[in-house]
Amino acid sequence: MEQMQTAVTRFTKTPFVKKKEFNQQVARWSFFTMAILMIIPLMAIIGYLVYHAAPSLNLDFLLDVPKRGMREGGIWSALIGTIYLVFISLAVAAPIGILAAIYLNEYAKDNWFNRIINLAVINLAGVPSIVHALFGLGAFVYAAQLGYSVLSASLTLAIMTLPVIIASTREALSSVPVSFREACWNVGATRWQTIRAVVLPNSISGILTGVILQVSRAAGETAPIMFTGAVFYKAVKRGDFFPYELTDQCMALSMHLYTVTTQVPNIKESVSYATAVVLLGVVLLVNASAISLRVWMRNRKKW
Amino acid sequence: MQARFRYVCGCVTERNGNRVERKDVTITVKDLYLSYNAKEVIHGISFEIYRNEIFSIIGPAQSGKTSLLRCLNRTIEFTSGTSVRGTVMVDGQNVRTMKNVFDLRRKIGMVAPLPVGLPISIYDNVAFAPRCSGLTNKSDLDGIVEKCLRQAALWDEVKDRLHSLGTAISGGQQQRLTIARALSHQPDILCLDEFSIAIDPVTTMRIEDVLIELKNEMTIILVTNLTHQAKRLGSRTMFLYNGNLIELDTNEVIFSEKPGKIETYDYINGLFG
């Protein structure tokens with residue numbers, strides 16, 4: 001009988017338990033609110049932009065070239081310029097970055113030389129983009145005599161994205177368990193055989209995601225390309241996929257946005273908003289493809 | 001290949017007035033010191049391992065058992081900040097001066113404490129080592145895969161799904177897969193590092209039976225936390241403690257009521273501390 005009584009009291013709520021539960025609810029809802037708050041700015045920005053851009057947004061706006069001092073027409077020349085810059089800069093930065101990261105993560109011993117390389121990579125990632133721009137101006141435009149060109153601008157963007165690609169690739173590589181590598185070494189495999197058979201197949205999704213996310217960064221930067229190869233206006237044909245030579249100057253979305261919002265008087269408001277929407281759309285599209293690639297690869301992940 | 005089928009030649013000679021049984025030595029470790037970042041973890045140990053014996057190494061955690069194994073096949077080099085002094089001879093060759101370290105690692109099969117199925121197919125797991133040494137002939141590979149999986153008592157369970165992932169099978173099966181992989185490069189010496197901690201007693205028994213069979217073909221070094229396992233399987237046992245060799249003798253002596261050192265008796269009987 002007495003045992004029953006204690007058993008009953010044990011399962012009722014004591015004041016301490018009530019207080020504990022209250023604290024738990026407070027913690028839960030305050031964290032939830034903060035998480036929800038993250039969505040609001042994004043939704044507000046997109047909604048605001050799309051609302052104001054609506055009059056100008058159509059397929060013609062994407063495919064047409066700017067006319068009458070940017071006041072009419074579309075943004076094709078800027079869009080294709082951004083695509084040029086992004087792809088060329090990634091074609092340079094991705095191989096260098098991935099190979100360097102493989103060296104640093106898989107081969108490098110922990111000594112002063114490799115620590116200096118690590119330090120350099122970290123510091124390079126922290127350099128402001130305007131400093132990269134000045135470096136690009138000095139190194140590629142003048143010293144390498146590439147002039148103000150697509151190539152100079154792309155190489156500057158490549159230098160800017162390189163350290164982040166190295167960091168994200170190393171992250172992906174080190175997520176592969178060390179025990180896999182040891183198992184391979186124990187049977188007499190070289191480091192390269194180990195990397196090729198086990199490490200790369202299991203980290204490629206992380207590596208690619210890191211690289212793709214740099215696309216959005218390269219697409220959005222204005223300062224580095226403004227100094228090295230992007231111009232206000234360049235005449236191209238509507239819908240032309242290969243309007244620029246490597247040595248030409250080009251237009252770019254981020255630069256174009258800056259131009260139409262600050263430099264062109266009496267412009268329709270919706271044109272500049274529409275430019276912003278396209279830039280944001282490109283970035284979000286790339287991010288979405290990175291995420292879906294990651295999900296697709298994760299589903300094929302093998303442990 | 002020839003060496004693997006040479007059996008223990010147990011000739012008995014007279015030395016220093018004592019009857020000493022001379023055996024065919026396969027591994028000689030002499031004054032081995034090992035430091036991680038200037039912190040010494042193995043303090044000068046010397047011992048010999050004979051061909052075709054099961055040599056057990058017992059000792060509590062942090063006593064340098066795994067590090068010792070990694071010194072044998074030089075995978076210790078992959079950890080930065082290690083320094084090794086002393087000599088390790090495998091079949092009469094000093095491993096420190098060996099030119100082809102990959103051959104050394106192929107000579108020594110190594111099984112890690114936790115099962116590691118590589119995230120490639122079961123077939124590729126076993127065929128990985130032969131492929132690394134340049135074997136590409138499909139029928140040769142098929143033969144090796146089947147032989148090793150049979151030796152590791154895994155063939156019957158996986159023969160119908162050789163192309164499913166090595167990580168998709170159970171823990172006990174993965175451990176046997178690890179053993180099959182260690183056998184796939186036809187080692188002369190098989191090192192098992194606490195192979196039974198992640199698998200159930202029944203599977204452990206099956207693997208132990210396999211080991212007793214394999215003993216005829218190779219030398220087995222068994223690192224274990226289970227003193228009974230060492231007693232059951234081994235012929236000689238070494239007791240390591242904090243990087244010191246406390247005692248090394250035949251199982252009859254080590255597991256008797258009066259081993260050479262009182263610490264050995266205490267450790268085996270759980271009185272240590």
# chains A, B, ... in the order shown; residues from 1 in each chain; ligands from 1
call {"tool": "interface_residues", "arguments": {"of": "chain A", "to": "chain B", "cutoff": "7 Å", "atoms": "only C-alpha atoms", "output": "list in words"}}
result
Lys109, Asp110, Ser179, Phe180, Asn186, Val187, Gly188, Ala189, Lys302 and Trp303 of chain A
call {"tool": "residues_around", "arguments": {"residues": "region 146-156 of chain B", "least_positions_apart": "2", "cutoff": "10 Å", "atoms": "only C-alpha atoms", "output": "JSON, numbers by chain"}}
result
{"B": [122, 123, 126, 127, 141, 142, 143, 144, 158, 159, 160, 162, 172, 173, 174, 175, 176, 177, 178, 179, 180, 181, 182, 183, 184, 185, 186, 203, 206, 207, 209, 210, 211, 213, 214]}
call {"tool": "write_last_selection", "arguments": {"atoms": "C-alpha atoms", "output": "PDB file, in the first residue's frame"}}
result
ATOM      1  CA  ILE B 122      32.516  -6.349 -51.411  1.00  0.00           C
ATOM      2  CA  TYR B 123      34.347  -7.693 -54.448  1.00  0.00           C
ATOM      3  CA  VAL B 126      38.966  -7.759 -51.454  1.00  0.00           C
ATOM      4  CA  ALA B 127      40.324  -7.098 -54.937  1.00  0.00           C
ATOM      5  CA  LEU B 141      41.061 -11.598 -59.162  1.00  0.00           C
ATOM      6  CA  ASP B 142      37.939 -13.770 -58.980  1.00  0.00           C
ATOM      7  CA  GLY B 143      40.045 -16.588 -57.578  1.00  0.00           C
ATOM      8  CA  ILE B 144      41.687 -14.431 -54.939  1.00  0.00           C
ATOM      9  CA  VAL B 158      27.994 -12.859 -49.451  1.00  0.00           C
ATOM     10  CA  LYS B 159      28.592 -14.981 -52.553  1.00  0.00           C
ATOM     11  CA  ASP B 160      25.268 -13.881 -54.051  1.00  0.00           C
ATOM     12  CA  LEU B 162      29.493  -9.563 -54.143  1.00  0.00           C
ATOM     13  CA  GLY B 172      30.525  -8.894 -37.832  1.00  0.00           C
ATOM     14  CA  GLN B 173      30.508  -9.474 -41.572  1.00  0.00           C
ATOM     15  CA  GLN B 174      32.470  -6.272 -42.105  1.00  0.00           C
ATOM     16  CA  GLN B 175      35.070  -7.465 -39.646  1.00  0.00           C
ATOM     17  CA  ARG B 176      35.431 -10.708 -41.572  1.00  0.00           C
ATOM     18  CA  LEU B 177      35.579  -8.647 -44.761  1.00  0.00           C
ATOM     19  CA  THR B 178      38.439  -6.712 -43.183  1.00  0.00           C
ATOM     20  CA  ILE B 179      40.196  -9.998 -42.479  1.00  0.00           C
ATOM     21  CA  ALA B 180      39.549 -11.145 -46.049  1.00  0.00           C
ATOM     22  CA  ARG B 181      41.075  -7.893 -47.287  1.00  0.00           C
ATOM     23  CA  ALA B 182      44.100  -8.400 -45.064  1.00  0.00           C
ATOM     24  CA  LEU B 183      44.501 -11.893 -46.535  1.00  0.00           C
ATOM     25  CA  SER B 184      44.027 -10.735 -50.112  1.00  0.00           C
ATOM     26  CA  HIS B 185      47.640  -9.677 -50.543  1.00  0.00           C
ATOM     27  CA  GLN B 186      48.861 -13.070 -49.349  1.00  0.00           C
ATOM     28  CA  THR B 203      31.303 -14.710 -34.830  1.00  0.00           C
ATOM     29  CA  ARG B 206      34.169 -18.636 -35.982  1.00  0.00           C
ATOM     30  CA  ILE B 207      37.031 -16.251 -36.657  1.00  0.00           C
ATOM     31  CA  ASP B 209      38.631 -21.250 -35.731  1.00  0.00           C
ATOM     32  CA  VAL B 210      39.750 -19.577 -38.951  1.00  0.00           C
ATOM     33  CA  LEU B 211      42.863 -18.238 -37.225  1.00  0.00           C
ATOM     34  CA  GLU B 213      43.650 -22.930 -39.540  1.00  0.00           C
ATOM     35  CA  LEU B 214      45.569 -19.960 -40.914  1.00  0.00           C
TER      36      LEU B 214
END
call {"tool": "residues_around", "arguments": {"residues": "region 133-141 of chain A", "least_positions_apart": "4", "cutoff": "10 Å", "atoms": "only C-alpha atoms", "output": "compact mmCIF listing (two decimals) with N, CA and C atoms, in the first residue's frame"}}
result
# COMPACT_ATOMS: atom_id res chain seq x y z
N PRO A 128 39.68 41.93 -48.39
CA PRO A 128 38.49 42.56 -48.97
C PRO A 128 38.55 42.55 -50.49
N SER A 129 37.37 42.54 -51.12
CA SER A 129 37.36 42.37 -52.57
C SER A 129 37.98 43.56 -53.29
N GLN A 145 50.07 42.50 -68.74
CA GLN A 145 49.68 43.18 -69.97
C GLN A 145 48.49 42.51 -70.66
N LEU A 146 47.53 42.06 -69.84
CA LEU A 146 46.30 41.51 -70.41
C LEU A 146 45.30 42.61 -70.69
N GLY A 147 45.58 43.80 -70.17
CA GLY A 147 44.69 44.93 -70.42
C GLY A 147 43.37 44.77 -69.68
N TYR A 148 42.49 45.77 -69.88
CA TYR A 148 41.15 45.65 -69.30
C TYR A 148 40.39 44.64 -70.13
N SER A 149 40.19 43.44 -69.62
CA SER A 149 39.61 42.41 -70.47
C SER A 149 38.86 41.39 -69.63
N LEU A 151 39.55 38.37 -69.56
CA LEU A 151 40.54 37.50 -68.94
C LEU A 151 41.04 38.07 -67.62
N SER A 152 41.40 39.36 -67.63
CA SER A 152 41.89 39.98 -66.40
C SER A 152 40.86 39.90 -65.29
N ALA A 153 39.60 40.24 -65.65
CA ALA A 153 38.54 40.23 -64.65
C ALA A 153 38.32 38.82 -64.10
N SER A 154 38.32 37.83 -65.01
CA SER A 154 38.10 36.45 -64.57
C SER A 154 39.22 35.98 -63.65
N LEU A 155 40.46 36.31 -64.02
CA LEU A 155 41.58 35.87 -63.20
C LEU A 155 41.52 36.53 -61.82
N THR A 156 41.11 37.80 -61.79
CA THR A 156 40.96 38.46 -60.48
C THR A 156 39.91 37.76 -59.63
N LEU A 157 38.77 37.42 -60.27
CA LEU A 157 37.74 36.68 -59.55
C LEU A 157 38.27 35.32 -59.10
N ILE A 159 41.36 34.53 -58.30
CA ILE A 159 42.20 34.72 -57.12
C ILE A 159 41.33 34.90 -55.88
N MET A 160 40.20 35.59 -56.08
CA MET A 160 39.34 35.88 -54.94
C MET A 160 38.63 34.62 -54.44
N THR A 222 31.32 43.15 -57.46
CA THR A 222 31.40 44.26 -58.40
C THR A 222 32.81 44.84 -58.47
N ALA A 223 33.40 45.08 -57.28
CA ALA A 223 34.67 45.79 -57.24
C ALA A 223 35.77 45.14 -58.08
N PRO A 224 36.01 43.84 -57.95
CA PRO A 224 37.15 43.27 -58.69
C PRO A 224 37.02 43.42 -60.20
N ILE A 225 35.79 43.29 -60.73
CA ILE A 225 35.67 43.35 -62.18
C ILE A 225 35.61 44.79 -62.68
N MET A 226 35.12 45.69 -61.81
CA MET A 226 35.03 47.09 -62.20
C MET A 226 36.42 47.65 -62.53
N PHE A 227 37.42 47.20 -61.78
CA PHE A 227 38.77 47.70 -61.97
C PHE A 227 39.51 47.00 -63.09
N THR A 228 39.04 45.83 -63.51
CA THR A 228 39.88 45.01 -64.37
C THR A 228 39.28 44.66 -65.72
N GLY A 229 37.97 44.90 -65.93
CA GLY A 229 37.50 44.51 -67.25
C GLY A 229 36.04 44.78 -67.54
call {"tool": "select_by_dssp", "arguments": {"residues": "region 54-243 of chain A", "states": "helix (DSSP H, G or I)", "output": "count of residues only"}}
result
136
call {"tool": "residues_around", "arguments": {"residues": "Trp296 (chain A)", "least_positions_apart": "4", "cutoff": "12 Å", "atoms": "only C-alpha atoms", "output": "PyMOL selection string"}}
result
chain A and resi 204-206+208-209+289-292+300-301
call {"tool": "atom_distance", "arguments": {"atom1": "CA of Ala274 (chain A)", "atom2": "CA of Ile46 (chain A)"}}
result
11.1 Å
call {"tool": "atom_distance", "arguments": {"atom1": "CA of Arg236 (chain B)", "atom2": "CA of Ala183 (chain A)"}}
result
27.3 Å
call {"tool": "select_by_dssp", "arguments": {"residues": "region 37-268 of chain A", "states": "strand (DSSP E or B)", "output": "PyMOL selection string"}}
result
chain A and resi 66-67+72-73+230+250
call {"tool": "atom_distance", "arguments": {"atom1": "CA of Ser56 (chain A)", "atom2": "CA of Gln249 (chain A)"}}
result
26.7 Å
call {"tool": "decode", "arguments": {"residues": "region 54-95 of chain A", "atoms": "N, CA and C atoms", "output": "PDB file, in the first residue's frame"}}
result
ATOM      1  N   ALA A  54       8.151  44.091 -61.522  1.00  0.00           N
ATOM      2  CA  ALA A  54       7.144  43.413 -62.339  1.00  0.00           C
ATOM      3  C   ALA A  54       6.885  44.058 -63.700  1.00  0.00           C
ATOM      4  N   PRO A  55       6.783  45.397 -63.804  1.00  0.00           N
ATOM      5  CA  PRO A  55       6.474  45.998 -65.117  1.00  0.00           C
ATOM      6  C   PRO A  55       7.519  45.672 -66.179  1.00  0.00           C
ATOM      7  N   SER A  56       8.771  45.495 -65.785  1.00  0.00           N
ATOM      8  CA  SER A  56       9.819  45.283 -66.788  1.00  0.00           C
ATOM      9  C   SER A  56      10.197  43.825 -66.972  1.00  0.00           C
ATOM     10  N   LEU A  57       9.746  42.958 -66.060  1.00  0.00           N
ATOM     11  CA  LEU A  57      10.224  41.573 -66.106  1.00  0.00           C
ATOM     12  C   LEU A  57       9.497  40.773 -67.173  1.00  0.00           C
ATOM     13  N   ASN A  58      10.204  40.389 -68.194  1.00  0.00           N
ATOM     14  CA  ASN A  58       9.687  39.414 -69.159  1.00  0.00           C
ATOM     15  C   ASN A  58      10.868  38.806 -69.896  1.00  0.00           C
ATOM     16  N   LEU A  59      10.577  37.833 -70.741  1.00  0.00           N
ATOM     17  CA  LEU A  59      11.658  37.120 -71.419  1.00  0.00           C
ATOM     18  C   LEU A  59      12.461  38.066 -72.305  1.00  0.00           C
ATOM     19  N   ASP A  60      11.756  39.031 -72.880  1.00  0.00           N
ATOM     20  CA  ASP A  60      12.423  39.987 -73.745  1.00  0.00           C
ATOM     21  C   ASP A  60      13.483  40.777 -72.991  1.00  0.00           C
ATOM     22  N   PHE A  61      13.184  41.068 -71.721  1.00  0.00           N
ATOM     23  CA  PHE A  61      14.139  41.808 -70.896  1.00  0.00           C
ATOM     24  C   PHE A  61      15.441  41.017 -70.740  1.00  0.00           C
ATOM     25  N   LEU A  62      15.307  39.688 -70.602  1.00  0.00           N
ATOM     26  CA  LEU A  62      16.506  38.847 -70.476  1.00  0.00           C
ATOM     27  C   LEU A  62      17.300  38.820 -71.773  1.00  0.00           C
ATOM     28  N   LEU A  63      16.600  38.714 -72.902  1.00  0.00           N
ATOM     29  CA  LEU A  63      17.289  38.421 -74.158  1.00  0.00           C
ATOM     30  C   LEU A  63      17.713  39.668 -74.932  1.00  0.00           C
ATOM     31  N   ASP A  64      17.106  40.806 -74.617  1.00  0.00           N
ATOM     32  CA  ASP A  64      17.408  41.996 -75.402  1.00  0.00           C
ATOM     33  C   ASP A  64      18.636  42.719 -74.836  1.00  0.00           C
ATOM     34  N   VAL A  65      19.258  43.527 -75.695  1.00  0.00           N
ATOM     35  CA  VAL A  65      20.412  44.300 -75.237  1.00  0.00           C
ATOM     36  C   VAL A  65      19.923  45.676 -74.776  1.00  0.00           C
ATOM     37  N   PRO A  66      20.685  46.362 -73.945  1.00  0.00           N
ATOM     38  CA  PRO A  66      20.258  47.680 -73.469  1.00  0.00           C
ATOM     39  C   PRO A  66      20.187  48.671 -74.630  1.00  0.00           C
ATOM     40  N   LYS A  67      19.146  49.516 -74.595  1.00  0.00           N
ATOM     41  CA  LYS A  67      19.004  50.505 -75.661  1.00  0.00           C
ATOM     42  C   LYS A  67      18.773  51.890 -75.063  1.00  0.00           C
ATOM     43  N   ARG A  68      18.997  52.873 -75.883  1.00  0.00           N
ATOM     44  CA  ARG A  68      18.760  54.280 -75.504  1.00  0.00           C
ATOM     45  C   ARG A  68      19.358  54.590 -74.135  1.00  0.00           C
ATOM     46  N   GLY A  69      20.659  54.406 -74.027  1.00  0.00           N
ATOM     47  CA  GLY A  69      21.354  54.719 -72.775  1.00  0.00           C
ATOM     48  C   GLY A  69      20.805  53.933 -71.610  1.00  0.00           C
ATOM     49  N   MET A  70      20.560  52.649 -71.816  1.00  0.00           N
ATOM     50  CA  MET A  70      20.119  51.686 -70.805  1.00  0.00           C
ATOM     51  C   MET A  70      18.669  51.894 -70.383  1.00  0.00           C
ATOM     52  N   ARG A  71      18.000  52.904 -70.915  1.00  0.00           N
ATOM     53  CA  ARG A  71      16.658  53.200 -70.412  1.00  0.00           C
ATOM     54  C   ARG A  71      15.629  52.225 -70.955  1.00  0.00           C
ATOM     55  N   GLU A  72      15.968  51.588 -72.063  1.00  0.00           N
ATOM     56  CA  GLU A  72      15.042  50.611 -72.636  1.00  0.00           C
ATOM     57  C   GLU A  72      15.819  49.346 -72.984  1.00  0.00           C
ATOM     58  N   GLY A  73      15.080  48.382 -73.481  1.00  0.00           N
ATOM     59  CA  GLY A  73      15.737  47.133 -73.859  1.00  0.00           C
ATOM     60  C   GLY A  73      15.951  46.241 -72.661  1.00  0.00           C
ATOM     61  N   GLY A  74      16.894  45.318 -72.814  1.00  0.00           N
ATOM     62  CA  GLY A  74      17.078  44.301 -71.771  1.00  0.00           C
ATOM     63  C   GLY A  74      18.461  44.304 -71.181  1.00  0.00           C
ATOM     64  N   ILE A  75      18.893  43.146 -70.711  1.00  0.00           N
ATOM     65  CA  ILE A  75      20.190  43.055 -70.049  1.00  0.00           C
ATOM     66  C   ILE A  75      21.021  41.891 -70.572  1.00  0.00           C
ATOM     67  N   TRP A  76      20.750  41.467 -71.799  1.00  0.00           N
ATOM     68  CA  TRP A  76      21.445  40.291 -72.312  1.00  0.00           C
ATOM     69  C   TRP A  76      22.967  40.432 -72.242  1.00  0.00           C
ATOM     70  N   SER A  77      23.465  41.598 -72.638  1.00  0.00           N
ATOM     71  CA  SER A  77      24.933  41.732 -72.690  1.00  0.00           C
ATOM     72  C   SER A  77      25.543  41.615 -71.300  1.00  0.00           C
ATOM     73  N   ALA A  78      24.816  42.095 -70.255  1.00  0.00           N
ATOM     74  CA  ALA A  78      25.347  41.979 -68.902  1.00  0.00           C
ATOM     75  C   ALA A  78      25.257  40.538 -68.402  1.00  0.00           C
ATOM     76  N   LEU A  79      24.117  39.896 -68.733  1.00  0.00           N
ATOM     77  CA  LEU A  79      23.912  38.512 -68.278  1.00  0.00           C
ATOM     78  C   LEU A  79      24.975  37.595 -68.863  1.00  0.00           C
ATOM     79  N   ILE A  80      25.201  37.708 -70.168  1.00  0.00           N
ATOM     80  CA  ILE A  80      26.167  36.821 -70.812  1.00  0.00           C
ATOM     81  C   ILE A  80      27.582  37.151 -70.322  1.00  0.00           C
ATOM     82  N   GLY A  81      27.814  38.457 -70.024  1.00  0.00           N
ATOM     83  CA  GLY A  81      29.124  38.840 -69.495  1.00  0.00           C
ATOM     84  C   GLY A  81      29.385  38.193 -68.149  1.00  0.00           C
ATOM     85  N   THR A  82      28.365  38.197 -67.286  1.00  0.00           N
ATOM     86  CA  THR A  82      28.523  37.556 -65.977  1.00  0.00           C
ATOM     87  C   THR A  82      28.799  36.067 -66.129  1.00  0.00           C
ATOM     88  N   ILE A  83      28.061  35.436 -67.047  1.00  0.00           N
ATOM     89  CA  ILE A  83      28.290  33.997 -67.260  1.00  0.00           C
ATOM     90  C   ILE A  83      29.724  33.750 -67.722  1.00  0.00           C
ATOM     91  N   TYR A  84      30.210  34.597 -68.643  1.00  0.00           N
ATOM     92  CA  TYR A  84      31.600  34.487 -69.098  1.00  0.00           C
ATOM     93  C   TYR A  84      32.567  34.564 -67.918  1.00  0.00           C
ATOM     94  N   LEU A  85      32.401  35.633 -67.128  1.00  0.00           N
ATOM     95  CA  LEU A  85      33.334  35.874 -66.022  1.00  0.00           C
ATOM     96  C   LEU A  85      33.333  34.703 -65.053  1.00  0.00           C
ATOM     97  N   VAL A  86      32.125  34.249 -64.690  1.00  0.00           N
ATOM     98  CA  VAL A  86      32.014  33.189 -63.696  1.00  0.00           C
ATOM     99  C   VAL A  86      32.659  31.906 -64.196  1.00  0.00           C
ATOM    100  N   PHE A  87      32.334  31.535 -65.450  1.00  0.00           N
ATOM    101  CA  PHE A  87      32.844  30.253 -65.914  1.00  0.00           C
ATOM    102  C   PHE A  87      34.349  30.265 -66.109  1.00  0.00           C
ATOM    103  N   ILE A  88      34.866  31.358 -66.657  1.00  0.00           N
ATOM    104  CA  ILE A  88      36.315  31.397 -66.859  1.00  0.00           C
ATOM    105  C   ILE A  88      37.034  31.422 -65.517  1.00  0.00           C
ATOM    106  N   SER A  89      36.502  32.208 -64.569  1.00  0.00           N
ATOM    107  CA  SER A  89      37.188  32.268 -63.276  1.00  0.00           C
ATOM    108  C   SER A  89      37.140  30.911 -62.582  1.00  0.00           C
ATOM    109  N   LEU A  90      36.014  30.190 -62.698  1.00  0.00           N
ATOM    110  CA  LEU A  90      35.960  28.870 -62.064  1.00  0.00           C
ATOM    111  C   LEU A  90      36.832  27.853 -62.784  1.00  0.00           C
ATOM    112  N   ALA A  91      36.898  27.973 -64.105  1.00  0.00           N
ATOM    113  CA  ALA A  91      37.746  27.054 -64.851  1.00  0.00           C
ATOM    114  C   ALA A  91      39.191  27.189 -64.409  1.00  0.00           C
ATOM    115  N   VAL A  92      39.565  28.394 -63.966  1.00  0.00           N
ATOM    116  CA  VAL A  92      40.924  28.583 -63.464  1.00  0.00           C
ATOM    117  C   VAL A  92      41.020  28.184 -61.988  1.00  0.00           C
ATOM    118  N   ALA A  93      40.064  28.669 -61.180  1.00  0.00           N
ATOM    119  CA  ALA A  93      40.197  28.512 -59.731  1.00  0.00           C
ATOM    120  C   ALA A  93      39.900  27.085 -59.260  1.00  0.00           C
ATOM    121  N   ALA A  94      38.902  26.421 -59.873  1.00  0.00           N
ATOM    122  CA  ALA A  94      38.503  25.107 -59.359  1.00  0.00           C
ATOM    123  C   ALA A  94      39.616  24.061 -59.445  1.00  0.00           C
ATOM    124  N   PRO A  95      40.254  23.866 -60.607  1.00  0.00           N
ATOM    125  CA  PRO A  95      41.317  22.856 -60.643  1.00  0.00           C
ATOM    126  C   PRO A  95      42.464  23.187 -59.688  1.00  0.00           C
TER     127      PRO A  95
END
